[in-house]
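Enquirer: So here's upload.txt, just compact mmCIF, C-alpha atoms:
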# COMPACT_ATOMS: atom_id res chain seq x y z
CA MET A 148 152.32 33.96 92.18
CA LEU A 149 153.55 34.72 88.65
CA PHE A 150 157.05 34.87 90.12
CA CYS A 151 156.34 31.40 91.54
CA GLN A 152 155.53 30.16 88.02
CA LEU A 153 158.17 31.95 85.94
CA GLY A 154 160.87 31.90 88.62
CA GLN A 155 160.25 28.21 89.47
CA ALA A 156 159.85 28.89 93.19
CA HIS A 157 159.03 25.83 95.29
CA SER A 158 157.67 27.41 98.48
CA LEU A 159 156.28 30.58 99.99
CA ARG A 160 159.61 31.23 101.65
CA GLU A 161 161.37 31.02 98.28
CA ILE A 162 158.84 33.37 96.66
CA CYS A 163 159.16 36.02 99.37
CA GLY A 164 162.94 35.66 99.59
CA GLY A 165 163.38 35.89 95.83
CA LEU A 166 161.25 39.03 95.63
CA ALA A 167 162.96 40.57 98.67
CA THR A 168 166.35 40.34 96.96
CA SER A 169 164.97 42.40 94.08
CA GLU A 170 162.95 45.00 95.97
CA GLY A 171 164.55 47.92 94.13
CA LYS A 172 163.52 46.43 90.78
CA LEU A 173 159.91 45.87 91.79
CA ARG A 174 158.95 49.55 91.90
CA HIS A 175 158.06 49.64 88.20
CA LEU A 176 155.38 47.04 89.05
CA GLY A 177 153.97 49.22 91.81
CA VAL A 178 155.36 46.93 94.52
CA GLY A 179 157.15 48.92 97.19
CA ARG A 180 158.29 45.94 99.23
CA ALA A 181 158.15 42.17 98.98
CA PRO A 182 155.26 40.51 100.88
CA LYS A 183 155.81 38.60 104.08
CA ARG A 184 155.32 34.86 104.03
CA SER A 185 152.34 35.02 106.39
CA THR A 186 150.72 37.74 104.25
CA LEU A 187 151.08 35.67 101.08
CA ALA A 188 149.77 32.54 102.82
CA TYR A 189 146.70 34.46 104.06
CA ALA A 190 146.06 35.89 100.58
CA ASN A 191 146.28 32.43 98.97
CA GLU A 192 143.72 31.09 101.41
CA HIS A 193 141.23 33.97 101.40
CA ARG A 194 141.57 35.95 98.17
CA PRO A 195 138.89 34.62 95.75
CA TRP A 196 140.30 32.53 92.92
CA GLN A 197 137.64 34.01 90.59
CA LEU A 198 139.78 37.15 90.43
CA TYR A 199 142.52 35.18 88.68
CA GLU A 200 140.01 33.64 86.30
CA THR A 201 138.91 37.16 85.32
CA ILE A 202 142.52 38.17 84.65
CA PHE A 203 142.96 34.99 82.61
CA GLN A 204 140.00 35.93 80.40
CA GLN A 205 141.39 39.44 79.86
CA VAL A 206 144.83 38.15 78.85
CA LEU A 207 143.18 35.51 76.66
CA GLY A 208 141.37 38.22 74.69
CA ARG A 209 144.67 39.93 73.86
CA ALA A 210 146.33 36.63 72.96
CA GLN A 211 143.46 35.68 70.63
CA GLN A 212 143.77 38.99 68.78
CA LEU A 213 147.47 38.35 68.19
CA ALA A 214 146.95 34.69 67.26
CA ALA A 215 144.31 35.62 64.66
CA ALA A 216 147.00 37.34 62.59
CA HIS A 217 149.12 34.18 62.40
CA LYS A 218 148.56 31.35 59.96
CA ARG A 219 147.67 27.94 61.28
CA ARG A 220 149.96 25.02 60.76
CA PHE A 221 146.88 23.00 59.78
CA ARG A 222 144.84 25.16 57.41
CA PHE A 223 141.18 24.97 58.30
CA ARG A 224 138.42 27.56 58.09
CA ASN A 225 136.28 26.46 61.02
CA PRO A 226 137.29 27.13 64.63
CA LEU A 227 139.06 23.98 65.81
CA LEU A 228 138.79 23.13 69.53
CA SER A 229 140.16 20.15 71.48
CA ILE A 230 138.55 18.99 74.72
CA ASP A 231 140.32 16.90 77.32
CA SER A 232 141.19 16.68 81.01
CA THR A 233 144.26 15.79 83.03
CA ILE A 234 144.76 14.52 86.56
CA ILE A 235 146.84 16.63 88.94
CA ASP A 236 148.17 14.45 91.76
CA LEU A 237 147.89 15.83 95.30
CA SER A 238 149.15 14.49 98.58
CA LEU A 239 146.14 13.17 100.48
CA SER A 240 147.84 13.72 103.85
CA VAL A 241 148.15 17.47 103.09
CA HIS A 242 145.17 18.06 100.76
CA ASP A 243 142.60 15.99 102.66
CA TRP A 244 139.76 17.63 100.69
CA ALA A 245 140.97 16.14 97.37
CA LEU A 246 139.97 12.51 97.93
CA TYR A 247 140.42 10.58 94.68
CA ARG A 248 141.07 7.00 95.71
CA ARG A 249 141.50 5.27 99.04
CA GLU A 250 145.13 6.38 99.49
CA LYS A 251 145.48 9.01 96.78
CA GLY A 252 144.39 12.60 96.32
CA ALA A 253 143.94 14.40 93.02
CA ALA A 254 142.25 17.26 91.22
CA LYS A 255 141.20 17.31 87.58
CA LEU A 256 141.84 20.13 85.13
CA HIS A 257 139.29 20.29 82.29
CA LEU A 258 140.48 22.29 79.30
CA VAL A 259 139.29 23.48 75.90
CA LEU A 260 142.26 24.23 73.63
CA ASP A 261 141.87 26.62 70.71
CA HIS A 262 144.08 25.49 67.82
CA GLN A 263 144.38 29.08 66.60
CA GLY A 264 147.62 29.73 68.46
CA TYR A 265 147.09 26.68 70.74
CA LEU A 266 145.61 28.83 73.51
CA PRO A 267 143.60 27.52 76.49
CA ARG A 268 140.14 28.89 75.79
CA TYR A 269 138.24 27.48 78.77
CA ALA A 270 139.43 25.81 81.95
CA VAL A 271 137.83 24.52 85.13
CA LEU A 272 139.28 22.67 88.11
CA THR A 273 137.22 19.96 89.79
CA GLU A 274 137.76 17.05 92.14
CA GLY A 275 139.52 14.04 90.67
CA LYS A 276 136.36 11.91 90.61
CA CYS A 277 134.41 14.37 88.48
CA CYS A 278 133.14 12.97 85.16
CA ASP A 279 134.77 14.52 82.09
CA LEU A 280 131.40 15.42 80.57
CA THR A 281 130.03 17.31 83.58
CA PRO A 282 131.88 20.65 83.00
CA VAL A 283 131.59 20.38 79.19
CA ARG A 284 127.83 19.85 78.74
CA PRO A 285 126.80 23.42 79.77
CA LEU A 286 129.29 25.09 77.40
CA ASP A 287 127.84 26.96 74.44
CA PHE A 288 130.12 26.52 71.42
CA PRO A 289 129.62 28.76 68.37
CA ALA A 290 127.95 27.23 65.32
CA GLY A 291 130.43 25.93 62.79
CA SER A 292 133.04 25.00 65.39
CA VAL A 293 134.69 21.58 65.20
CA LEU A 294 135.25 19.82 68.53
CA ILE A 295 137.81 17.03 68.95
CA PHE A 296 137.67 14.69 71.93
CA ASP A 297 138.34 11.08 72.83
CA ARG A 298 135.96 8.23 73.67
CA GLY A 299 135.51 9.38 77.27
CA TYR A 300 133.13 12.13 76.11
CA GLN A 301 130.58 9.96 74.33
CA ASP A 302 127.02 10.93 75.22
CA TYR A 303 124.29 10.45 72.62
CA LEU A 304 122.10 13.23 74.06
CA TRP A 305 125.04 15.64 73.94
CA PHE A 306 125.80 14.54 70.36
CA GLU A 307 122.19 15.29 69.43
CA ARG A 308 122.32 18.72 71.04
CA LEU A 309 125.59 19.63 69.28
CA THR A 310 124.18 18.57 65.92
CA GLN A 311 121.04 20.65 66.39
CA ARG A 312 123.14 23.72 67.22
CA GLY A 313 125.31 23.31 64.12
CA VAL A 314 128.43 22.36 66.07
CA PHE A 315 130.57 19.63 64.49
CA PHE A 316 132.59 17.05 66.37
CA VAL A 317 135.17 14.35 65.62
CA THR A 318 135.78 11.54 68.07
CA ARG A 319 136.51 7.82 68.21
CA LEU A 320 133.69 5.32 68.40
CA ARG A 321 133.56 2.91 71.30
CA ARG A 322 134.16 -0.68 70.41
CA HIS A 323 130.87 -2.05 71.77
CA ALA A 324 128.61 0.76 70.53
CA HIS A 325 125.37 -0.30 68.84
CA VAL A 326 125.54 0.93 65.22
CA GLU A 327 122.91 0.72 62.49
CA VAL A 328 124.35 1.31 58.99
CA SER A 329 122.15 3.37 56.65
CA ARG A 330 124.41 3.97 53.64
CA THR A 331 127.91 3.11 52.51
CA HIS A 332 129.96 5.66 50.57
CA PRO A 333 132.73 4.79 48.08
CA VAL A 334 136.35 5.25 49.18
CA PRO A 335 139.60 5.35 47.13
CA ASP A 336 141.33 2.00 46.67
CA GLY A 337 144.66 1.50 48.37
CA GLY A 338 144.37 4.58 50.58
CA PRO A 339 144.28 4.88 54.37
CA ILE A 340 140.46 5.20 54.39
CA LEU A 341 138.98 1.71 54.65
CA SER A 342 135.28 2.60 54.86
CA ASP A 343 132.93 5.60 55.01
CA GLN A 344 129.36 4.98 56.21
CA THR A 345 126.28 6.85 57.34
CA VAL A 346 125.07 5.33 60.61
CA ARG A 347 122.61 5.81 63.43
CA LEU A 348 123.68 5.15 67.02
CA GLY A 349 121.67 3.71 69.88
CA CYS A 350 119.44 0.78 70.68
CA GLN A 351 115.83 0.32 71.71
CA ARG A 352 116.37 2.23 74.96
CA TYR A 353 117.54 5.36 73.13
CA LYS A 354 118.32 5.83 69.45
CA MET A 355 119.67 9.07 68.03
CA ARG A 356 117.43 10.89 65.57
CA SER A 357 120.38 12.50 63.77
CA GLU A 358 122.52 10.44 61.45
CA LEU A 359 126.27 10.35 61.96
CA ARG A 360 129.24 9.33 59.88
CA ARG A 361 131.54 6.43 60.71
CA ILE A 362 135.00 6.41 59.07
CA VAL A 363 137.48 3.56 59.45
CA VAL A 364 141.09 4.67 58.98
CA ARG A 365 144.19 2.52 58.69
CA ASP A 366 146.77 3.54 61.29
CA ALA A 367 150.33 3.40 59.98
CA GLY A 368 151.76 2.95 63.49
CA THR A 369 149.65 -0.06 64.52
CA SER A 370 148.02 -2.99 62.80
CA ASP A 371 144.54 -2.16 64.15
CA PRO A 372 142.52 0.54 62.33
CA PHE A 373 140.73 3.19 64.35
CA VAL A 374 137.08 4.11 63.91
CA LEU A 375 136.13 7.80 63.79
CA LEU A 376 132.69 9.26 64.40
CA THR A 377 131.55 12.70 63.20
CA ASN A 378 128.43 14.64 62.29
CA ASN A 379 130.15 16.45 59.40
CA PHE A 380 129.19 15.05 55.98
CA LYS A 381 130.82 17.77 53.85
CA LEU A 382 134.52 17.29 54.58
CA ALA A 383 136.53 14.52 52.96
CA ALA A 384 137.27 11.44 55.03
CA SER A 385 141.00 12.16 54.84
CA THR A 386 140.39 15.65 56.27
CA ILE A 387 138.37 14.17 59.15
CA SER A 388 141.31 11.86 59.86
CA ARG A 389 143.75 14.78 59.91
CA ILE A 390 141.44 16.73 62.21
CA TYR A 391 141.42 13.93 64.76
CA ARG A 392 145.21 13.70 64.64
CA GLU A 393 145.28 17.35 65.73
CA ARG A 394 143.83 16.21 69.08
CA TRP A 395 147.37 15.31 70.08
CA GLN A 396 148.10 19.02 70.52
CA ILE A 397 146.13 19.16 73.77
CA GLU A 398 148.25 16.31 75.11
CA VAL A 399 151.34 18.32 74.15
CA PHE A 400 149.87 21.33 75.98
CA PHE A 401 149.28 19.34 79.18
CA ARG A 402 152.79 17.93 79.06
CA ALA A 403 154.33 21.39 78.56
CA LEU A 404 152.19 22.81 81.38
CA LYS A 405 153.31 20.17 83.87
CA GLN A 406 156.97 20.16 82.84
CA ASN A 407 157.58 23.91 82.71
CA LEU A 408 155.25 25.47 85.30
CA ARG A 409 154.36 24.84 88.93
CA VAL A 410 151.29 22.58 88.80
CA LYS A 411 152.78 19.47 90.41
CA THR A 412 153.82 20.89 93.76
CA PHE A 413 151.78 23.56 95.52
CA VAL A 414 152.72 26.32 97.95
CA GLY A 415 149.30 26.18 99.65
CA THR A 416 147.10 23.37 100.89
CA SER A 417 143.59 24.83 100.78
CA PRO A 418 141.32 24.39 97.72
CA ASN A 419 141.48 28.15 97.11
CA ALA A 420 145.29 28.17 97.12
CA VAL A 421 145.45 25.25 94.66
CA ARG A 422 143.00 26.98 92.31
CA ILE A 423 144.96 30.23 92.47
CA GLN A 424 148.21 28.48 91.61
CA ILE A 425 146.66 26.65 88.65
CA TRP A 426 145.02 29.81 87.32
CA THR A 427 148.31 31.72 87.60
CA ALA A 428 149.97 28.87 85.70
CA LEU A 429 147.43 29.30 82.89
CA ILE A 430 147.99 33.08 82.93
CA ALA A 431 151.73 32.44 82.67
CA VAL A 432 151.11 30.16 79.68
CA LEU A 433 149.18 32.93 77.93
CA LEU A 434 151.97 35.42 78.59
CA LEU A 435 154.51 32.97 77.18
CA LYS A 436 152.29 32.38 74.15
CA LEU A 437 152.11 36.15 73.62
CA LEU A 438 155.90 36.32 73.57
CA GLN A 439 156.09 33.38 71.16
CA LEU A 440 153.60 34.99 68.80
CA ARG A 441 155.40 38.34 68.79
CA ALA A 442 158.96 36.99 68.55
CA ARG A 443 160.85 36.53 65.31
CA PHE A 444 163.03 33.93 67.04
CA ALA A 445 161.74 30.33 66.90
CA TRP A 446 161.15 29.80 70.61
CA SER A 447 160.08 26.50 72.12
CA LEU A 448 158.08 26.86 75.32
CA ALA A 449 160.66 25.00 77.42
CA ASN A 450 163.55 27.12 76.12
CA LEU A 451 161.61 30.34 76.61
CA VAL A 452 160.77 29.46 80.23
CA ALA A 453 164.37 28.49 80.99
CA LEU A 454 165.94 31.65 79.59
CA LEU A 455 163.20 34.02 80.73
CA ARG A 456 163.72 32.85 84.31
CA GLN A 457 167.27 34.25 84.15
CA GLN A 458 166.07 37.59 82.72
CA LEU A 459 163.14 38.35 85.04
CA PHE A 460 164.82 41.28 86.80
CA VAL A 461 167.34 42.28 84.15
CA HIS A 462 166.77 45.82 82.88
CA ARG A 463 166.65 45.46 79.08
CA CYS A 464 164.13 45.77 76.25
CA LEU A 465 161.91 42.67 76.28
CA TRP A 466 160.91 42.91 72.62
CA SER A 467 164.54 43.16 71.48
CA TRP A 468 165.50 40.25 73.69
CA ILE A 469 162.83 37.82 72.42
CA ASP A 470 163.85 38.59 68.82
CA GLU A 471 167.61 38.21 69.46
CA PRO A 472 168.06 36.46 72.82
CA PHE A 473 171.77 35.73 72.44
CA GLN A 474 172.83 39.24 71.50
CA PRO A 475 174.34 41.42 74.26
CA PRO A 476 172.41 44.51 75.33
CA PRO A 477 173.53 47.86 73.89
CA THR A 478 176.48 49.46 75.66
CA LEU A 479 175.86 52.47 77.85
CA ASP A 480 177.04 55.91 76.84
CA GLU A 481 180.34 56.45 78.65
CA THR A 482 180.48 60.23 78.14
CA PRO A 483 178.29 61.24 81.12
CA ILE A 484 180.25 58.92 83.40
CA GLU A 485 183.57 60.40 82.24
CA GLN A 486 182.29 63.90 82.83
CA LEU A 487 181.12 62.92 86.30
CA CYS A 488 184.54 61.48 87.14
CA LEU A 489 186.23 64.73 86.01
CA LYS A 490 183.91 66.80 88.21
CA ILE A 491 184.64 64.56 91.22
CA ALA A 492 188.39 64.83 90.56
The structure given in the file should be rewritten as structure tokens.

Expert:
Amino acid sequence: MLFCQLGQAHSLREICGGLATSEGKLRHLGVGRAPKRSTLAYANEHRPWQLYETIFQQVLGRAQQLAAAHKRRFRFRNPLLSIDSTIIDLSLSVHDWALYRREKGAAKLHLVLDHQGYLPRYAVLTEGKCCDLTPVRPLDFPAGSVLIFDRGYQDYLWFERLTQRGVFFVTRLRRHAHVEVSRTHPVPDGGPILSDQTVRLGCQRYKMRSELRRIVVRDAGTSDPFVLLTNNFKLAASTISRIYRERWQIEVFFRALKQNLRVKTFVGTSPNAVRIQIWTALIAVLLLKLLQLRARFAWSLANLVALLRQQLFVHRCLWSWIDEPFQPPPTLDETPIEQLCLKIA
């Protein structure tokens, strides 16, 4: 399944055929022979997808250790995490279990992105109709973390629980939210920050006990300002604005995942097969991130996937190649070959 992701295989037949042409080079992986198409189809349907989730967590631990040694592009002491979900379209005629709309099937990938290395820290696949908040509410984030999410995750009870646990968040406030202003803080004149207020959300039905902070920021790209909501009162308003702009990185991650790996078309039709393919795509992302973190060459994810696909079964040093990808491999010593030719003669 990793060959499906990194080799851009479109079907089970292409996976098995591609591996069969390289059987002699698979022995270092402990694979004596390429699997048959029926064997791979049976494994995708019956092998538990939780196994791949366990492997994902193991690879994630190694990637986090390597990412901790690298400096962030946006310097920030607290752990910075983005939360979002993306729809994965499925053919309803083939995946009849993934009913999303009347004539459309879909699954939803919920993801927590760690901005230390931009690694997927938590992922879960649900049906397309699943609410974004359902998989996120049970998660236990460490105190001091800063969560970034959009307006689809607004839940006053969840906000209260995060505040009590010492977890910070930055999000956008819904336009029709009921807001009661407690205090107004001074802001610099002529800057992008238009207002900074301490507010309390809710109405008579339910009003939050914890006070929050509402910041209005002028957006240079549009004429309308955007309103931010956070429970952090220590950071400057400009820093809160920069933190929310970092949420775009999870959109970049979803786009790179769909453009470079096999999460749009699936080689199996059962729910288990779809989950396996998505988890192997996330494992492949972690492996690519590991290569990016170790390489001295400035790889983009798309370029790394494209060139790595051509080097999958080439016998050469991986670490030398990712540092200098356009340098030829070292030449072989010709002396033993010459001696062998003399003996044959």

Enquirer: Counting all atoms listed in the file, which residue out of A:Leu440, A:Ile234, A:Ala190, A:Ala445 sits closest to Gln212 (chain A)?

Expert: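 That would be A:Leu440, the residue with the smallest distance to Gln212 (chain A).
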
Enquirer: Please tell me which residues are no farther than 10 Å from (131.8, 27.1, 62.2) in the file, counting all atoms listed in the file, and write them as a ChimeraX atom specification.

Expert: /A:224-227,288-293,313-315

Enquirer: Looking at A:Ile362, A:Leu304, A:Thr233, A:Thr318, which one is nearest to Cys277 (chain A), with distances taken over only C-alpha atoms?

Expert: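 Smallest separation from Cys277 (chain A) among the options: A:Thr233.
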
Enquirer: So how far away is CA of Met148 (chain A) from CA of Asn407 (chain A), in Å?

Expert: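 CA of Met148 (chain A) lies at a distance of 14.8 Å from CA of Asn407 (chain A).
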
Enquirer: With all atoms listed in the file as the atoms that count, which of A:Cys163, A:Leu272, A:Ala420, A:Leu294 lies nearest to Thr377 (chain A)?

Expert: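 The answer is A:Leu294, which sits nearest to Thr377 (chain A).
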
Enquirer: Measuring between all atoms listed in the file, which one of A:Trp305, A:Tyr300, A:Phe400, A:Phe413 shows the shortest distance to Cys151 (chain A)?

Expert: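 Among the listed residues, A:Phe413 lies closest to Cys151 (chain A).
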
Enquirer: Which residues come within 8 Å of Arg347 (chain A), counting only C-alpha atoms, excluding same-chain residues fewer than 2 positions away, as a ChimeraX atom specification?

Expert: /A:326-329,345,349,354-359

Enquirer: I'd like the neighbourhood of region 173-189 of chain A as a PyMOL selection string, where a residue qualifies if any of its atoms comes within 12 Å (using all atoms listed in the file), though same-chain residues fewer than 5 positions away should be ignored.

Expert: chain A and resi 148+150-151+158-168+194-195+413-417+419-421+423+459-462

Enquirer: With C-alpha atoms retained, could you export that selection as a short mmCIF file (atom, residue, chain, number, x, y, z; two decimals), in the frame of the given file?

Expert:
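Resulting contents of selection19.cif:
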data_model
loop_
_atom_site.label_atom_id
_atom_site.label_comp_id
_atom_site.auth_asym_id
_atom_site.auth_seq_id
_atom_site.Cartn_x
_atom_site.Cartn_y
_atom_site.Cartn_z
CA MET A 148 152.32 33.96 92.18
CA PHE A 150 157.05 34.87 90.12
CA CYS A 151 156.34 31.40 91.54
CA SER A 158 157.67 27.41 98.48
CA LEU A 159 156.28 30.58 99.99
CA ARG A 160 159.61 31.23 101.65
CA GLU A 161 161.37 31.02 98.28
CA ILE A 162 158.84 33.37 96.66
CA CYS A 163 159.16 36.02 99.37
CA GLY A 164 162.94 35.66 99.59
CA GLY A 165 163.38 35.89 95.83
CA LEU A 166 161.25 39.03 95.63
CA ALA A 167 162.96 40.57 98.67
CA THR A 168 166.35 40.34 96.96
CA ARG A 194 141.57 35.95 98.17
CA PRO A 195 138.89 34.62 95.75
CA PHE A 413 151.78 23.56 95.52
CA VAL A 414 152.72 26.32 97.95
CA GLY A 415 149.30 26.18 99.65
CA THR A 416 147.10 23.37 100.89
CA SER A 417 143.59 24.83 100.78
CA ASN A 419 141.48 28.15 97.11
CA ALA A 420 145.29 28.17 97.12
CA VAL A 421 145.45 25.25 94.66
CA ILE A 423 144.96 30.23 92.47
CA LEU A 459 163.14 38.35 85.04
CA PHE A 460 164.82 41.28 86.80
CA VAL A 461 167.34 42.28 84.15
CA HIS A 462 166.77 45.82 82.88
#

Enquirer: Find, counting all atoms listed in the file, the residue in A:Arg321, A:Pro475, A:Leu153, A:Leu375 that gets nearest to Leu455 (chain A).

Expert: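 Among A:Arg321, A:Pro475, A:Leu153, A:Leu375, it is A:Leu153 that comes nearest to Leu455 (chain A).
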
Enquirer: To one decimal in Å, tell me the separation between CA of Asp297 (chain A) and CA of His323 (chain A).

Expert: 15.1 Å

Enquirer: Smallest atom-to-atom distance to His257 (chain A): which of A:Leu348, A:Val374, A:Ile425, A:Leu448, using all atoms listed in the file?

Expert: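 Ranking A:Leu348, A:Val374, A:Ile425, A:Leu448 by distance to His257 (chain A), first place goes to A:Ile425.
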
Enquirer: Do a neighbour search on Val410 (chain A) at 8 Å with only C-alpha atoms, toss out local chain neighbours closer than 3 positions, and write the hits as a list in words.

Expert: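 Answer for this query is Ile235, Leu404, Lys405, Phe413, Gln424, Ile425 and Ala428 of chain A.
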
Enquirer: Limited to C-alpha atoms, could you put the picked residues into a file as an mmCIF file, in the coordinates of the input?

Expert:
data_model
loop_
_atom_site.group_PDB
_atom_site.id
_atom_site.type_symbol
_atom_site.label_atom_id
_atom_site.label_comp_id
_atom_site.auth_asym_id
_atom_site.auth_seq_id
_atom_site.Cartn_x
_atom_site.Cartn_y
_atom_site.Cartn_z
ATOM 1 C CA ILE A 235 146.840 16.630 88.940
ATOM 2 C CA LEU A 404 152.190 22.810 81.380
ATOM 3 C CA LYS A 405 153.310 20.170 83.870
ATOM 4 C CA PHE A 413 151.780 23.560 95.520
ATOM 5 C CA GLN A 424 148.210 28.480 91.610
ATOM 6 C CA ILE A 425 146.660 26.650 88.650
ATOM 7 C CA ALA A 428 149.970 28.870 85.700
#

Enquirer: Which centre and which edge lengths, in Å to one decimal, describe the axis-aligned box that holds all listed atoms of region 443-450 of chain A after 4 Å is added on each side, as AutoDock Vina command-line options?

Expert:
--center_x 160.8 --center_y 30.8 --center_z 71.4 --size_x 13.5 --size_y 19.5 --size_z 20.1

Enquirer: Which residues come within 10 Å of Glu200 (chain A), counting all atoms listed in the file, excluding same-chain residues fewer than 5 positions away, as an mmCIF file with C-alpha atoms, in the frame of the given file?

Expert:
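What follows is the written file selection_27.cif:
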data_model
loop_
_atom_site.group_PDB
_atom_site.id
_atom_site.type_symbol
_atom_site.label_atom_id
_atom_site.label_comp_id
_atom_site.auth_asym_id
_atom_site.auth_seq_id
_atom_site.Cartn_x
_atom_site.Cartn_y
_atom_site.Cartn_z
ATOM 1 C CA PRO A 195 138.890 34.620 95.750
ATOM 2 C CA GLN A 205 141.390 39.440 79.860
ATOM 3 C CA VAL A 206 144.830 38.150 78.850
ATOM 4 C CA TYR A 269 138.240 27.480 78.770
ATOM 5 C CA ALA A 270 139.430 25.810 81.950
ATOM 6 C CA VAL A 271 137.830 24.520 85.130
ATOM 7 C CA ARG A 422 143.000 26.980 92.310
ATOM 8 C CA ILE A 423 144.960 30.230 92.470
ATOM 9 C CA ILE A 425 146.660 26.650 88.650
ATOM 10 C CA TRP A 426 145.020 29.810 87.320
ATOM 11 C CA THR A 427 148.310 31.720 87.600
ATOM 12 C CA LEU A 429 147.430 29.300 82.890
ATOM 13 C CA ILE A 430 147.990 33.080 82.930
#
